[in-house]
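Peer 1: One structure coming up, written as structure tokens, with questions to follow.
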Amino acid sequence: MKKLCFLICFTLISMFSFSHSQWTWKNPLPQGNYLRSVYFSDVNTGYAVGILGTILKTSNGGTSWTTLSSGTTNDLNSVCFVNADTGYAVGNGGIILKTSNAGTTWAVLSSDTTTDLNSVYFFDVNTGYAMGYLGKILKTTDGGTSWTPLLCGTINNINSIYFTDVNTGYVTGNGGTILKTTDGGTTWTVLSSEISNNLNSVSFTNANTGYMVGVYGAILKTVNGGEIWTALSSGSTNDLYSIRFVNANTGYAVGDLGTILKTSDAGATWTALASGTNNPLYSIHFTDTINGYALGGTTILKTSDAGKTWTILSRGIINPLYSINFSDTNTGYAMGGLTLLKTVNGGDTWTSISSGITSYINSACFINDTIGYAVGFNGAIFKTINGGTAWTAISYDTTNDYYSIKFTGSKIGYVVGQNGIILKTNNAGATWTVLSSGTTNDLYSVSFINDSIGYAVGIEGTILKTSNAGAMWTVLSTGTTYDFLSVYFTDTITGYAVGESGTIIKTKDGGATWITLSSGTKEVLNSVCFIDSLTGYSVGRGGITLKTIDGGTNWTSLSSGTTNELNSIYILNANAAFAVGDWGTILKTSDVGVGIIEKNVSQESKYSMYPNPATDKITITKNNELIEETAVSIYNINGALIIKNIIQNQNKFEMNVSSLSKGIYFLKIQTKSGIESKKLVIQ
């Protein structure tokens, strides 16, 4: 099934364009990237790591989490701390990170490998190990300054390591691999487990007694230092990923479908605990005999009663979202499947609404704070008149799936979907008329520039145009057979469509001809939106976020901070944009970032500014007298207003800039006739 989205964008006048955007998580919280490992350095202070270099920290026992800057986008698979300040994280591409200040900063250590590392373990402040794919084991004896590769005799992936003393250690890996060293890793002995399935984690309670877990609910135990391993009955067939013991008798294992198992008799029997989640759990850690944490995916769990009950610390819906729009600057809606989220504070917080909708929703549209529409599979059309609290099914005799809805006013709306169907209502959804589209290709997105001119796009390069409010649709020639998933026009003649294989096409003559633009990606693009005639965004699979500042000629890949598929992007105003996607992803940017690029409304500058660079003052001149009110403003590199002056009837004006610190600033000159901006350097 294709991920489909609905898009409305406000057209904004933007003074600046930016080459980088900073996105923050608004749902789920604290974030929505997959987490793979958790470790607590004391009862209150803990860390979690995951994909795209994600590192989270809590200082209050998991009540709240802060995202730390890891300095990498490599996936992180394991974290451990040797004391309150010193910790390590390892991950894909051979990345090894170290912090010496409790996570405030992380340094990349030289591992001399690009092999993915699955686990990190430190026996003391100096001696540690990192291991991963193809039997890779690294050892440090100087706190990570240098790492030495060890020969272990296997090319199977290694998943976990545990040392019972400075010399004696065990590793587990794929294919039932179990290795033991008694000389600090110099040599390794292959132990027999009588199992050929992957083993994912190892833990020992003393020098002789240890446990391992693996796929299909496997739990192994040794009581003689690994010479013999006995299979225990776990009572589960779910894959198990992590095992930890808090004392000689009490241990826990976690795995797929939220599995948490507990033993109180040294593994003789295991009891399944209610975790409250179906998400896979990859890691478990206890700070003492009663307080423990488990995590996996976007879920973080905590127990304060030795596993009897588990509290989900992470918050928010993790169902896919395909559509987002706002009815005003405060009120917005995100929908997908059976999920409806609503914000009343400009997107800062989102609340799940029990809508009563029973059909799978692909697209939604709100025309004001109270009235909205949603469409989905099997001819589903719903309407709300109370801000989403309750929805009424609108009956229409079709079983076609609907993918996109757009209203051009309070009463007139359009729906497109399967088999080229296009519906129109003239009476706020009370009745719908089937329009002749001229195609049987599925249509995924519909957009109108005004009451008369609209476009619909779909599979195999299909683009339709109407110039008479849907009475007649013309099939346009695009020159491609890639599926299009979104369409957006900046004016009556300039428009864009995006879709499969990173395809972006542009027209400058109202769709008569189209040119293919270079997006720089092969990822599917699900949504496109423009702020103004030059500046636009597109989002898609793999968390891809693209931006153009020159009307699509060039597209820059921005870091969204996630690999979750993004299905729709929405621009609320000059300071707030949102992207929604899989796993309940809602991202917001209010800081358009660094790397500001000047953009003038006119081709030829009407103003001069000197000196530049400047120290004390600058002079702005115009060729003819300023006969209208003019706002002259200075912004810092983050877009914050620093100085503003209003002048009139002057062709020369001086500004005092002596209070500005050294750096780059931007001068904005705005009149009713337009805007001009210039870069200003203060020395």
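We name chains A, B, ... following the order of the structure tokens; residues begin at 1 in each chain, and ligands are numbered from 1 as shown.
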Excluding stretch 85-87 of chain A and any residue of its chain fewer than 6 positions from it, enumerate the residues within 8 Å of it, using only C-alpha atoms, and give them as a list in words.

Peer 2: Val79, Lys98, Thr99, Ser100, Asn101, Ala102 and Gly103 of chain A

Peer 1: Generate a file of the selected residues that holds C-alpha atoms, formatted as an mmCIF file, in the first residue's frame.

Peer 2:
```cif
data_model
loop_
_atom_site.group_PDB
_atom_site.id
_atom_site.type_symbol
_atom_site.label_atom_id
_atom_site.label_comp_id
_atom_site.auth_asym_id
_atom_site.auth_seq_id
_atom_site.Cartn_x
_atom_site.Cartn_y
_atom_site.Cartn_z
ATOM 1 C CA VAL A 79 26.013 2.330 25.713
ATOM 2 C CA LYS A 98 33.316 8.738 24.738
ATOM 3 C CA THR A 99 32.083 11.300 27.227
ATOM 4 C CA SER A 100 34.029 12.488 30.240
ATOM 5 C CA ASN A 101 31.424 14.978 31.465
ATOM 6 C CA ALA A 102 28.263 12.901 31.915
ATOM 7 C CA GLY A 103 27.147 13.251 28.317
#
```

Peer 1: Taking the backbone alone, and naming residues the way the document does, which bits of stretch 161-332 of chain A are strand (DSSP E) by DSSP, as a ChimeraX atom specification?

Peer 2: /A:161-163,169-173,178-181,189-190,199-204,210-214,219-222,230-232,240-245,251-255,260-263,271-273,283-286,292-296,299-303,311-312,323-326,332

Peer 1: Please produce, as a tab-separated table, a per-residue contact table for stretch 225-271 of chain A versus stretch 172-192 of chain A (criterion: any atom at most 10 Å away, only C-alpha atoms considered), showing the nearest atom pair and its distance in Å to one decimal, sorted by chain then residue number.

Peer 2:
```
residue	atom	partner	partner_atom	distance
A:Gly225	CA	A:Lys180	CA	9.0
A:Gly226	CA	A:Leu191	CA	6.9
A:Glu227	CA	A:Leu191	CA	6.8
A:Ile228	CA	A:Ser192	CA	7.2
A:Trp229	CA	A:Ser192	CA	7.5
```

Peer 1: Dump as JSON lines the rows for residues of stretch 324-433 of chain A within 12 Å of stretch 22-46 of chain A: closest atom pair and distance in Å with one decimal, only C-alpha atoms counted, ordered by chain and rising residue number.

Peer 2:
```
{"residue": "A:Ala334", "atom": "CA", "partner": "A:Asn27", "partner_atom": "CA", "distance": 10.6}
{"residue": "A:Leu341", "atom": "CA", "partner": "A:Asn27", "partner_atom": "CA", "distance": 9.6}
{"residue": "A:Lys342", "atom": "CA", "partner": "A:Asn27", "partner_atom": "CA", "distance": 11.3}
{"residue": "A:Thr343", "atom": "CA", "partner": "A:Lys26", "partner_atom": "CA", "distance": 10.4}
{"residue": "A:Asn345", "atom": "CA", "partner": "A:Lys26", "partner_atom": "CA", "distance": 11.9}
{"residue": "A:Gly346", "atom": "CA", "partner": "A:Lys26", "partner_atom": "CA", "distance": 11.0}
{"residue": "A:Gly347", "atom": "CA", "partner": "A:Lys26", "partner_atom": "CA", "distance": 7.4}
{"residue": "A:Asp348", "atom": "CA", "partner": "A:Lys26", "partner_atom": "CA", "distance": 6.4}
{"residue": "A:Thr349", "atom": "CA", "partner": "A:Lys26", "partner_atom": "CA", "distance": 6.4}
{"residue": "A:Trp350", "atom": "CA", "partner": "A:Asn27", "partner_atom": "CA", "distance": 7.2}
{"residue": "A:Thr351", "atom": "CA", "partner": "A:Asn27", "partner_atom": "CA", "distance": 9.5}
{"residue": "A:Ser352", "atom": "CA", "partner": "A:Asn27", "partner_atom": "CA", "distance": 10.6}
```

Peer 1: Pick out the residues sitting within 6 Å of stretch 133-139 of chain A, and hand them over as a PyMOL selection string; count only C-alpha atoms, and ignore anything fewer than 6 positions along from it in its own chain.

Peer 2: chain A and resi 116+147-150+154-158

Peer 1: Rounded to one decimal place, report the atom CA of A:Thr398-atom CA of A:Trp473 distance in Å.

Peer 2: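 Atom-to-atom, atom CA of A:Thr398 to atom CA of A:Trp473, that is 20.6 Å.
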
Peer 1: Can you pull out every residue within 7 Å of A:Ile381, counting only C-alpha atoms, but drop anything in the same chain fewer than 4 positions away, and send it as a PyMOL selection string?

Peer 2: chain A and resi 374-376+393-394

Peer 1: Atoms to include: N, CA and C atoms. Write the selected residues as a CSV table (one decimal), in the first residue's frame.

Peer 2:
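This is the output file part20.csv:
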```csv
chain,number,residue,atom,x,y,z
A,374,ALA,N,-12.6,14.1,6.3
A,374,ALA,CA,-11.5,13.1,6.2
A,374,ALA,C,-12.0,12.0,5.2
A,375,VAL,N,-11.1,11.5,4.4
A,375,VAL,CA,-11.4,10.4,3.4
A,375,VAL,C,-10.4,9.3,3.6
A,376,GLY,N,-10.9,8.1,3.1
A,376,GLY,CA,-10.0,6.9,3.3
A,376,GLY,C,-10.5,5.8,2.4
A,393,ALA,N,-20.3,9.8,9.2
A,393,ALA,CA,-20.1,9.2,7.9
A,393,ALA,C,-21.0,9.8,6.9
A,394,ILE,N,-20.4,10.2,5.8
A,394,ILE,CA,-21.2,10.8,4.6
A,394,ILE,C,-21.3,9.6,3.6
```

Peer 1: Taking into account only C-alpha atoms, which residue in the set A:Gly144, A:Gly470, A:Gly536, A:Gly510 is nearest to A:Lys424?

Peer 2: A:Gly470

Peer 1: With only C-alpha atoms as the counted atoms, please give the residues lying no more than 8 Å from A:Ser242, apart from itself and same-chain residues fewer than 2 positions off, as a PyMOL selection string.

Peer 2: chain A and resi 200-202+213+240+244+253-255+282-284

Peer 1: Listing only residues of stretch 149-259 of chain A within 12 Å of stretch 289-296 of chain A, what is the closest atom pair and its distance in Å (to one decimal) for each, using only C-alpha atoms, sorted by chain and residue number ascending, as JSON lines?

Peer 2:
```
{"residue": "A:Leu240", "atom": "CA", "partner": "A:Gly296", "partner_atom": "CA", "distance": 11.9}
{"residue": "A:Tyr241", "atom": "CA", "partner": "A:Gly296", "partner_atom": "CA", "distance": 10.0}
{"residue": "A:Ser242", "atom": "CA", "partner": "A:Ala294", "partner_atom": "CA", "distance": 9.4}
{"residue": "A:Ile243", "atom": "CA", "partner": "A:Ala294", "partner_atom": "CA", "distance": 10.6}
{"residue": "A:Arg244", "atom": "CA", "partner": "A:Gly292", "partner_atom": "CA", "distance": 10.2}
{"residue": "A:Phe245", "atom": "CA", "partner": "A:Thr289", "partner_atom": "CA", "distance": 9.1}
{"residue": "A:Val246", "atom": "CA", "partner": "A:Thr289", "partner_atom": "CA", "distance": 5.7}
{"residue": "A:Asn247", "atom": "CA", "partner": "A:Thr289", "partner_atom": "CA", "distance": 7.7}
{"residue": "A:Ala248", "atom": "CA", "partner": "A:Thr289", "partner_atom": "CA", "distance": 11.2}
{"residue": "A:Asn249", "atom": "CA", "partner": "A:Thr289", "partner_atom": "CA", "distance": 11.0}
{"residue": "A:Thr250", "atom": "CA", "partner": "A:Thr289", "partner_atom": "CA", "distance": 8.4}
{"residue": "A:Gly251", "atom": "CA", "partner": "A:Thr289", "partner_atom": "CA", "distance": 9.6}
{"residue": "A:Tyr252", "atom": "CA", "partner": "A:Gly292", "partner_atom": "CA", "distance": 9.7}
{"residue": "A:Ala253", "atom": "CA", "partner": "A:Ala294", "partner_atom": "CA", "distance": 9.6}
{"residue": "A:Val254", "atom": "CA", "partner": "A:Ala294", "partner_atom": "CA", "distance": 7.7}
{"residue": "A:Gly255", "atom": "CA", "partner": "A:Gly296", "partner_atom": "CA", "distance": 8.8}
{"residue": "A:Asp256", "atom": "CA", "partner": "A:Gly296", "partner_atom": "CA", "distance": 9.1}
{"residue": "A:Leu257", "atom": "CA", "partner": "A:Gly296", "partner_atom": "CA", "distance": 10.0}
{"residue": "A:Gly258", "atom": "CA", "partner": "A:Gly296", "partner_atom": "CA", "distance": 8.5}
{"residue": "A:Thr259", "atom": "CA", "partner": "A:Ala294", "partner_atom": "CA", "distance": 10.2}
```

Peer 1: Any idea what the distance is between atom CA of A:Asn325 and atom CA of A:Ile505?

Peer 2: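 Computing it gives 24.2 Å between the two atoms.
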
Peer 1: List the neighbours of A:Leu117 out to 12 Å using only C-alpha atoms; skip same-chain residues closer than 5 positions along the sequence, and give me the result as an NGL selection string.

Peer 2: :A and (74-79 or 89-97 or 111 or 129-138 or 157-161)

Peer 1: Take the residues from that selection and put them in a file with N, CA and C atoms, as a short mmCIF file (atom, residue, chain, number, x, y, z; two decimals), in the first residue's frame.

Peer 2:
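Below you can see result.cif, which holds the result:
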```cif
data_model
loop_
_atom_site.label_atom_id
_atom_site.label_comp_id
_atom_site.auth_asym_id
_atom_site.auth_seq_id
_atom_site.Cartn_x
_atom_site.Cartn_y
_atom_site.Cartn_z
N ASN A 74 25.60 8.20 12.71
CA ASN A 74 25.68 6.75 12.69
C ASN A 74 24.73 6.16 13.72
N ASP A 75 24.13 5.03 13.39
CA ASP A 75 23.29 4.35 14.37
C ASP A 75 24.14 3.90 15.54
N LEU A 76 23.63 4.11 16.76
CA LEU A 76 24.31 3.69 17.97
C LEU A 76 23.58 2.48 18.55
N ASN A 77 24.33 1.43 18.87
CA ASN A 77 23.74 0.15 19.25
C ASN A 77 23.92 -0.21 20.72
N SER A 78 24.86 0.44 21.42
CA SER A 78 25.14 0.04 22.79
C SER A 78 25.77 1.20 23.55
N VAL A 79 25.45 1.29 24.86
CA VAL A 79 26.01 2.33 25.71
C VAL A 79 26.34 1.73 27.07
N ALA A 89 29.72 4.82 23.87
CA ALA A 89 28.66 4.33 22.99
C ALA A 89 29.31 3.86 21.69
N VAL A 90 28.81 2.77 21.14
CA VAL A 90 29.35 2.25 19.88
C VAL A 90 28.21 2.02 18.90
N GLY A 91 28.58 1.94 17.60
CA GLY A 91 27.53 1.76 16.61
C GLY A 91 28.05 1.43 15.24
N ASN A 92 27.22 1.70 14.25
CA ASN A 92 27.54 1.34 12.87
C ASN A 92 28.70 2.16 12.34
N GLY A 93 29.40 1.57 11.37
CA GLY A 93 30.55 2.24 10.78
C GLY A 93 31.75 2.28 11.68
N GLY A 94 31.77 1.44 12.74
CA GLY A 94 32.90 1.41 13.65
C GLY A 94 32.97 2.59 14.59
N ILE A 95 31.87 3.34 14.74
CA ILE A 95 31.88 4.53 15.58
C ILE A 95 32.03 4.15 17.05
N ILE A 96 32.93 4.82 17.75
CA ILE A 96 33.06 4.71 19.20
C ILE A 96 33.09 6.12 19.77
N LEU A 97 32.16 6.42 20.66
CA LEU A 97 32.08 7.73 21.30
C LEU A 97 32.43 7.61 22.77
N SER A 111 38.82 4.04 16.12
CA SER A 111 38.67 2.58 16.25
C SER A 111 39.42 1.82 15.18
N TYR A 129 35.95 -3.29 25.94
CA TYR A 129 35.84 -4.06 24.71
C TYR A 129 34.68 -3.53 23.87
N ALA A 130 34.86 -3.60 22.57
CA ALA A 130 33.79 -3.29 21.62
C ALA A 130 33.78 -4.38 20.57
N MET A 131 32.60 -4.82 20.17
CA MET A 131 32.54 -5.95 19.25
C MET A 131 31.36 -5.80 18.31
N GLY A 132 31.43 -6.58 17.20
CA GLY A 132 30.36 -6.45 16.23
C GLY A 132 30.42 -7.45 15.11
N TYR A 133 30.22 -6.97 13.89
CA TYR A 133 30.08 -7.83 12.73
C TYR A 133 31.37 -8.59 12.42
N LEU A 134 31.18 -9.76 11.80
CA LEU A 134 32.28 -10.57 11.26
C LEU A 134 33.34 -10.88 12.31
N GLY A 135 32.90 -11.12 13.53
CA GLY A 135 33.82 -11.52 14.58
C GLY A 135 34.73 -10.42 15.07
N LYS A 136 34.40 -9.19 14.80
CA LYS A 136 35.25 -8.06 15.20
C LYS A 136 35.20 -7.85 16.72
N ILE A 137 36.37 -7.90 17.37
CA ILE A 137 36.50 -7.56 18.79
C ILE A 137 37.67 -6.60 18.95
N LEU A 138 37.41 -5.46 19.58
CA LEU A 138 38.44 -4.46 19.87
C LEU A 138 38.62 -4.36 21.37
N ASN A 157 28.81 -12.74 13.37
CA ASN A 157 28.56 -11.49 14.08
C ASN A 157 28.53 -11.74 15.57
N ILE A 158 29.18 -10.85 16.33
CA ILE A 158 29.21 -10.95 17.78
C ILE A 158 28.27 -9.90 18.35
N ASN A 159 27.41 -10.32 19.29
CA ASN A 159 26.33 -9.46 19.76
C ASN A 159 26.49 -8.98 21.19
N SER A 160 27.24 -9.70 22.05
CA SER A 160 27.31 -9.33 23.46
C SER A 160 28.56 -9.89 24.09
N ILE A 161 29.04 -9.23 25.16
CA ILE A 161 30.24 -9.66 25.87
C ILE A 161 30.06 -9.40 27.35
#
```

Peer 1: Could you tell me how far atom CA of A:Thr516 lies from atom CA of A:Asp483, in Å and to one decimal?

Peer 2: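 The value is 13.7 Å.
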
Peer 1: Within 7 Å of A:Phe204, counting only C-alpha atoms, which residues show up once you throw out same-chain ones fewer than 6 positions away? Write them as a compact mmCIF listing (two decimals) with C-alpha atoms, in the first residue's frame, please.

Peer 2:
```txt
# COMPACT_ATOMS: atom_id res chain seq x y z
CA THR A 164 33.63 -12.07 35.26
CA GLY A 210 26.00 -17.46 33.50
CA TYR A 211 23.06 -17.08 31.14
```

Peer 1: Hey, which of A:Asn206, A:Lys679, A:Thr298, A:Lys411 ends up closest to A:Leu56? Count only C-alpha atoms.

Peer 2: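 For A:Leu56, the nearest of the candidates is A:Thr298.
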